Amino acid sequence: MTASSVEQLRKEGNELFKCGDYGGALAAYTQALGLDATPQDQAVLHRNRAACHLKLEDYDKAETEASKAIEKDGGDVKALYRRSQALEKLGRLDQAVLDLQRCVSLEPKNKVFQEALRNIGGQIQEKVRYMSSTDAKVEQMFQILLDPEEKGTEKKQKASQNLVVLAREDAGAEKIFRSNGVQLLQRLLDMGETDLMLAALRTLVGICSEHQSRTVATLSILGTRRVVSILGVESQAVSLAACHLLQVMFDALKEGVKKGFRGKEGAIIVDPARELKVLISNLLDLLTEVGVSGQGRDNALTLLIKAVPRKSLKDPNNSLTLWVIDQGLKKILEVGGSLQDPPGELAVTANSRMSASILLSKLFDDLKCDAERENFHRLCENYIKSWFEGQGLAGKLRAIQTVSCLLQGPCDAGNRALELSGVMESVIALCASEQEEEQLVAVEALIHAAGKAKRASFITANGVSLLKDLYKCSEKDSIRIRALVGLCKLGSAGGTDFSMKQFAEGSTLKLAKQCRKWLCNDQIDAGTRRWAVEGLAYLTFDADVKEEFVEDAAALKALFQLSRLEERSVLFAVASALVNCTNSYDYEEPDPKMVELAKYAKQHVPEQHPKDKPSFVRARVKKLLAAGVVSAMVCMVKTESPVLTSSCRELLSRVFLALVEEVEDRGTVVAQGGGRALIPLALEGTDVGQTKAAQALAKLTITSNPEMTFPGERIYEVVRPLVSLLHLNCSGLQNFEALMALTNLAGISERLRQKILKEKAVPMIEGYMFEEHEMIRRAATECMCNLAMSKEVRVQDLFEAQGNDRLKLLVLYSGEDDELLQRAAAGGLAMLTSMRPTLCSRIPQVTTHWLEILQALLLSSNQELQHRGAVVVLNMVEASREIASTLMESEMMEILSVLAKGDHSPVTRAAAACLDKAVEYGLIQPNQDGE
């Protein structure tokens with residue numbers, strides 16, 4: 001490659017930058033850097049890359065690129081200025097000033113540099129004034145809080161609130177930190193008063209939030225062990241506040257690991273990866289400490305679930321997961337194998353074992369190769385054997401409980417554990433025990449094993465009779481209900497396939513009736529009633545069961561009430577039952593030819609239940625809405641429990657999409673808060689779940705007022721999920737609905753248009769303007785028309801840029817037979833020619849048919865098309881005398897003359913204005929009547 005290639009790519013990047021395609025410009029500059037560029041060229045390319053990153057608001061990268069340009073050329077004033085801009089955005093004003101002072105010394109007469117230096121100087125002075133004014137306030141607050149005579153006073157409460165508020169601003173947090181604040185907060189924590197501890201923890205959140213060095217310093221002063229131990233206190237509010245603080249600390253440290261060490265802050269910070277491991281090690285130790293509250297143990301598990309596994313499997317580094325497995329897998333298994341009631345055991349809640357299962361599942365899913373998975377299996381099996389062999393009955397119970405935990409989490413590991421010598425036999429034997437605790441452990445293990453394909457046939461053959469005997473003969477509801485769930489699992493093995501019936505006709509209905517009976521019995525504890533929901537989650541694969549269930553108002557009410565209780569492990573079962581009732585699982589109609597072929601080959605052909613036809617499904621959805629399903633699901637989405645896994649989120653997204661399928665039902669969903677609940681579902685979870693939630697958001701945005709559906713700032717959060725539906729891996733329906741929804745949003749406000757632009761939606765929308773499907777093409781054109789209203793020049797620049805056919809496309813679409821497409825394109829033309837008069841002179845150049853297209857618009861029977869055409873013609877006439885002359889020499893003058901004689905409509909006024917302008921130019925003269 002030659003130097004001219006570098007120059008060519010640089011020019012190409014410059015053109016893309018001018019057109020607003022900053023990503024494309026960045027790619028061109030990057031490609032040029034990969035060639036044999038001279039040091040001078042490299043400096044220019046790095047400087048240009050910095051400009052792209054500034055436009056893309058990635059200020060860290062902008063600073064890095066500008067620094068590279070300065071390394072190549074210390075006198076590069078543009079690079080110095082761009083680095084100062086990036087540093088200012090990053091809040092590093094002292095460093096930004098140094099770069100600006102250098103710029104002014106190099107170009108003393110440059111007014112831009114002088115103005116920027118004055119502005120940033122003002123910011124620094126304001127910050128100094130603010131910092132000095134808060135000195136006395138901080139000191140006064142701590143004096144009140146630490147004064148023993150002020151105990152419980154209103155003055156003390158106000159001081160604690162002010163301290164928390166001050167810490168939320170970075171300047172205030174820095175002031176507290178530099179005023180010996182962490183040591184003073186430590187004294188508040190040591191007092192042991194709940195209110196003071198909460199104030200101290202919430203203030204520490206502000207100090208550590210998004211700040212690595214303050215986080216490390218805080219951990220050093222307080223002691224990592226001390227901070228983690230607060231999780232284990234009995235006060236639920238204090239434990240949750242400590243959990244929030246630790247989450248903020250994790251985020252700050254992980255950001256440090258990701259960015260590495262750089263700049264002023266990096267010079268004083270120790271290795272964040274080491275601090276991260278120390279923090280995780282203390283959390284793992286807390287899991288098995290005696291005296292720690294069950295709530296604290298749950299919070300520790302929640303933090304580990306969020307902090308340890310990779311956020312994305314595209315990240316090749318899973319070293320933290322491997323380290324946690326080596327250091328703490330046994331401790332996690334110990335929580336998973338704990339029994340809730342016996343004295344001497346670890347204190348656990350109803351959600352602890354489920355949280356342990358979720359953590360184990362996430363760790364297992366984060367492994368990359370067979371060798372890593374084999375190590376996980378080996379550690380699990382060795383732990384189970386250590387309890388199963390030589391530890392008596394108590395050891396066997398713990399081992400079986402641990403197997404249940406694995407079956408609910410990484411089921412591959414659970415299946416391997418079931419195959420260990422004597423485990424399955426002990427489960428079967430203990431089901432017949434006379435001790436309720438032993439029976440509970442064994443029956444639960446049997447139930448979890450029954451859900452796995454490898455074991456279902458074995459249990460169907462050997463365990464059904466045992467479960468039936470337990471169900472019929474046991475005097476304890478807790479045993480009977482679990483045995484019933486085992487039977488439900490086996491009875492639903494055929495899924496939605498009507499032809500695959502495990503039990504005799506009517507048996508599933510009887511089982512479901514008993515489950516509903518137990519579900520409605522509020523005399524039974526929530527932990528036991530949860531199993532009734534589990535049973536219904538399996539039985540609702542049967543359409544007859546679904547029909548009876550949605551008719552049972554009491555059962556639905558009990559289901560929704562149970563989902564709101566602290567027994568969070570019920571969430572997945574509730575969501576599964578709702579997915580089944582709404583038929584929102586994936587189902588493809590089999591190809592008739594393939595069905596015939598399968599019958600000929602005597603292969604099994606799945607059959608759909610007659611009551612799973614669309615009409616039945618719609619009726620069930622109406623009944624669920626009437627019963628208050630939306631309110632219950634909104635509460636489920638709001639939960640902070642780790643039980644709300646990505647899979648559970650996906651199930652809820654599926655149900656929401658089914659609920660908004662019919663236009664007349666969307667108002668009910670919005671009124672009960674469904675719109676707000678969909679936003680977090682669309683932003684987090686599985687890819688399928690996020691897409692389903694985004695599509696539900698699109699449906700709501702199309703048919704309801706977005707400002708009412710998503711009040712306040714939430715409306716801006718809707719944009720990103722909608723843009724995600726424009727990707728090519730989404731279906732045509734999803735593309736269409738996203739475009740329609742974005743069209744509505746783009747018509748509301750300038751700020752929303754800016755948000756759509758920021759999410760890089762314009763290139764995708766533009767691509768769909770060329771789509772073959774007429775509805776998608778029309779929706780994309782309407783969306784682009786609304787975006788063209790933006791005061792920002794980026795969208796309009798796209799049409800004005802040389803060498804593109806965007807304007808030509810709008811002109812040609814204005815002459816299409818599709819009236820709706822015509823209206824959208826003509827509206828876009830009217831908007832663009834009003835805001836950019838220079839485009840008027842280009843319309844005659846893009847196609848030879850421009851004149852007949854405009855004439856056809858003016859002669860249209862549709863008044864909206866007439867008006868839009870008249871506005872375009874008026875804009876062209878006002879743009880230049882030359883264009884006006886061309887128009888008046890054609891039949892356009894006669895058409896305008898006729899339209900100008902009409903009633904006082906917008907079309908009449910526009911036509912008259914065109915003729916008046918032509919008279920002003922001297923192109924035409926009024927007749928004797930003054931017309």
# chains A, B, ... in the order shown; residues from 1 in each chain; ligands from 1
>>> select_by_dssp(residues="region 578-713 of chain A", states="alpha helix (DSSP H)", output="PyMOL selection string")
chain A and resi 578-582+592-600+614-627+629-638+646-659+666-671+674-683+687-703+706-709
>>> residues_around(residues="Leu304 (chain A)", least_positions_apart="2", cutoff="8 Å", atoms="only C-alpha atoms", output="list in words")
Ile280, Leu283, Ala300, Leu301, Thr302, Lys306, Ala307, Val308 and Leu359 of chain A
>>> residues_around(residues="Leu742 (chain A)", least_positions_apart="3", cutoff="9 Å", atoms="only C-alpha atoms", output="PDB file with N, CA, C and O atoms, in the first residue's frame")
ATOM      1  N   ALA A 698     -43.272  -1.687  21.657  1.00  0.00           N
ATOM      2  CA  ALA A 698     -43.611  -1.095  20.354  1.00  0.00           C
ATOM      3  C   ALA A 698     -45.127  -1.070  20.148  1.00  0.00           C
ATOM      4  O   ALA A 698     -45.689  -0.061  19.699  1.00  0.00           O
ATOM      5  N   THR A 701     -46.593   1.669  22.232  1.00  0.00           N
ATOM      6  CA  THR A 701     -46.224   3.006  21.747  1.00  0.00           C
ATOM      7  C   THR A 701     -46.996   3.382  20.489  1.00  0.00           C
ATOM      8  O   THR A 701     -47.271   4.558  20.253  1.00  0.00           O
ATOM      9  N   ILE A 702     -47.362   2.376  19.687  1.00  0.00           N
ATOM     10  CA  ILE A 702     -48.086   2.637  18.436  1.00  0.00           C
ATOM     11  C   ILE A 702     -49.510   3.105  18.713  1.00  0.00           C
ATOM     12  O   ILE A 702     -50.004   4.054  18.095  1.00  0.00           O
ATOM     13  N   VAL A 719     -36.563   4.227  23.838  1.00  0.00           N
ATOM     14  CA  VAL A 719     -35.970   4.342  22.504  1.00  0.00           C
ATOM     15  C   VAL A 719     -35.016   3.189  22.208  1.00  0.00           C
ATOM     16  O   VAL A 719     -35.088   2.572  21.135  1.00  0.00           O
ATOM     17  N   LEU A 722     -36.618  -0.128  21.271  1.00  0.00           N
ATOM     18  CA  LEU A 722     -37.275  -0.037  19.952  1.00  0.00           C
ATOM     19  C   LEU A 722     -36.240  -0.094  18.826  1.00  0.00           C
ATOM     20  O   LEU A 722     -36.453  -0.775  17.815  1.00  0.00           O
ATOM     21  N   VAL A 723     -35.123   0.594  19.007  1.00  0.00           N
ATOM     22  CA  VAL A 723     -34.072   0.575  17.983  1.00  0.00           C
ATOM     23  C   VAL A 723     -33.501  -0.835  17.828  1.00  0.00           C
ATOM     24  O   VAL A 723     -33.146  -1.250  16.719  1.00  0.00           O
ATOM     25  N   GLU A 737     -43.256  -2.728  13.424  1.00  0.00           N
ATOM     26  CA  GLU A 737     -43.811  -2.156  14.653  1.00  0.00           C
ATOM     27  C   GLU A 737     -42.822  -1.189  15.314  1.00  0.00           C
ATOM     28  O   GLU A 737     -43.224  -0.164  15.868  1.00  0.00           O
ATOM     29  N   ALA A 738     -41.534  -1.516  15.246  1.00  0.00           N
ATOM     30  CA  ALA A 738     -40.517  -0.607  15.801  1.00  0.00           C
ATOM     31  C   ALA A 738     -40.504   0.716  15.044  1.00  0.00           C
ATOM     32  O   ALA A 738     -40.421   1.799  15.644  1.00  0.00           O
ATOM     33  N   LEU A 739     -40.587   0.657  13.719  1.00  0.00           N
ATOM     34  CA  LEU A 739     -40.587   1.879  12.902  1.00  0.00           C
ATOM     35  C   LEU A 739     -41.811   2.737  13.202  1.00  0.00           C
ATOM     36  O   LEU A 739     -41.710   3.969  13.316  1.00  0.00           O
ATOM     37  N   LEU A 745     -42.751   8.547  18.455  1.00  0.00           N
ATOM     38  CA  LEU A 745     -41.847   9.221  19.389  1.00  0.00           C
ATOM     39  C   LEU A 745     -41.170  10.421  18.726  1.00  0.00           C
ATOM     40  O   LEU A 745     -41.024  11.480  19.337  1.00  0.00           O
ATOM     41  N   ALA A 746     -40.754  10.248  17.461  1.00  0.00           N
ATOM     42  CA  ALA A 746     -40.048  11.326  16.759  1.00  0.00           C
ATOM     43  C   ALA A 746     -40.945  12.538  16.537  1.00  0.00           C
ATOM     44  O   ALA A 746     -40.452  13.649  16.335  1.00  0.00           O
ATOM     45  N   GLY A 747     -42.250  12.340  16.565  1.00  0.00           N
ATOM     46  CA  GLY A 747     -43.175  13.451  16.366  1.00  0.00           C
ATOM     47  C   GLY A 747     -43.507  14.202  17.637  1.00  0.00           C
ATOM     48  O   GLY A 747     -44.246  15.193  17.604  1.00  0.00           O
ATOM     49  N   ILE A 756     -33.149   9.354  19.558  1.00  0.00           N
ATOM     50  CA  ILE A 756     -33.171   8.379  18.452  1.00  0.00           C
ATOM     51  C   ILE A 756     -31.893   8.500  17.624  1.00  0.00           C
ATOM     52  O   ILE A 756     -31.291   7.491  17.239  1.00  0.00           O
ATOM     53  N   CYS A 783     -41.089   7.639   9.419  1.00  0.00           N
ATOM     54  CA  CYS A 783     -40.169   7.865  10.531  1.00  0.00           C
ATOM     55  C   CYS A 783     -39.084   8.873  10.150  1.00  0.00           C
ATOM     56  O   CYS A 783     -38.774   9.795  10.906  1.00  0.00           O
TER      57      CYS A 783
END
>>> closest_residue(among="A:Lys18, A:Trp387, A:Ala526, A:Val643", to="Met354 (chain A)", atoms="only C-alpha atoms")
A:Val643
>>> closest_residue(among="A:Arg909, A:His211, A:Lys517, A:Lys314", to="Gly91 (chain A)", atoms="only C-alpha atoms")
A:His211
>>> residues_around(residues="region 101-117 of chain A", least_positions_apart="3", cutoff="10 Å", atoms="only C-alpha atoms", output="number ranges by chain")
A: 75-81, 84-85, 96-98, 120-123
>>> write_last_selection(atoms="N, CA and C atoms", output="tab-separated table (two decimals), in the first residue's frame")
chain	number	residue	atom	x	y	z
A	75	GLY	N	3.38	19.70	19.36
A	75	GLY	CA	2.81	21.01	19.07
A	75	GLY	C	1.49	20.94	18.33
A	76	ASP	N	0.84	19.79	18.29
A	76	ASP	CA	-0.43	19.63	17.58
A	76	ASP	C	-1.54	20.31	18.39
A	77	VAL	N	-1.84	21.53	18.04
A	77	VAL	CA	-2.76	22.34	18.83
A	77	VAL	C	-4.19	21.78	18.79
A	78	LYS	N	-4.58	21.19	17.66
A	78	LYS	CA	-5.92	20.60	17.56
A	78	LYS	C	-6.06	19.41	18.50
A	79	ALA	N	-5.01	18.59	18.55
A	79	ALA	CA	-5.05	17.43	19.46
A	79	ALA	C	-5.11	17.88	20.91
A	80	LEU	N	-4.34	18.93	21.25
A	80	LEU	CA	-4.36	19.46	22.62
A	80	LEU	C	-5.76	19.97	22.98
A	81	TYR	N	-6.39	20.65	22.04
A	81	TYR	CA	-7.73	21.20	22.29
A	81	TYR	C	-8.75	20.06	22.47
A	84	SER	N	-8.35	18.48	25.78
A	84	SER	CA	-8.92	19.33	26.85
A	84	SER	C	-10.44	19.17	26.91
A	85	GLN	N	-11.08	19.05	25.73
A	85	GLN	CA	-12.54	18.84	25.70
A	85	GLN	C	-12.92	17.52	26.38
A	96	ALA	N	-7.45	19.61	32.12
A	96	ALA	CA	-7.98	20.28	30.93
A	96	ALA	C	-7.42	21.70	30.80
A	97	VAL	N	-7.26	22.39	31.94
A	97	VAL	CA	-6.72	23.75	31.93
A	97	VAL	C	-5.30	23.77	31.39
A	98	LEU	N	-4.48	22.80	31.80
A	98	LEU	CA	-3.09	22.75	31.34
A	98	LEU	C	-3.02	22.66	29.81
A	120	ILE	N	-13.66	27.32	31.44
A	120	ILE	CA	-13.20	26.27	32.35
A	120	ILE	C	-12.64	26.88	33.63
A	121	GLY	N	-12.06	28.08	33.50
A	121	GLY	CA	-11.60	28.79	34.70
A	121	GLY	C	-12.77	29.12	35.61
A	122	GLY	N	-13.88	29.53	34.99
A	122	GLY	CA	-15.09	29.82	35.78
A	122	GLY	C	-15.61	28.58	36.49
A	123	GLN	N	-15.57	27.44	35.79
A	123	GLN	CA	-16.02	26.18	36.41
A	123	GLN	C	-15.17	25.82	37.62
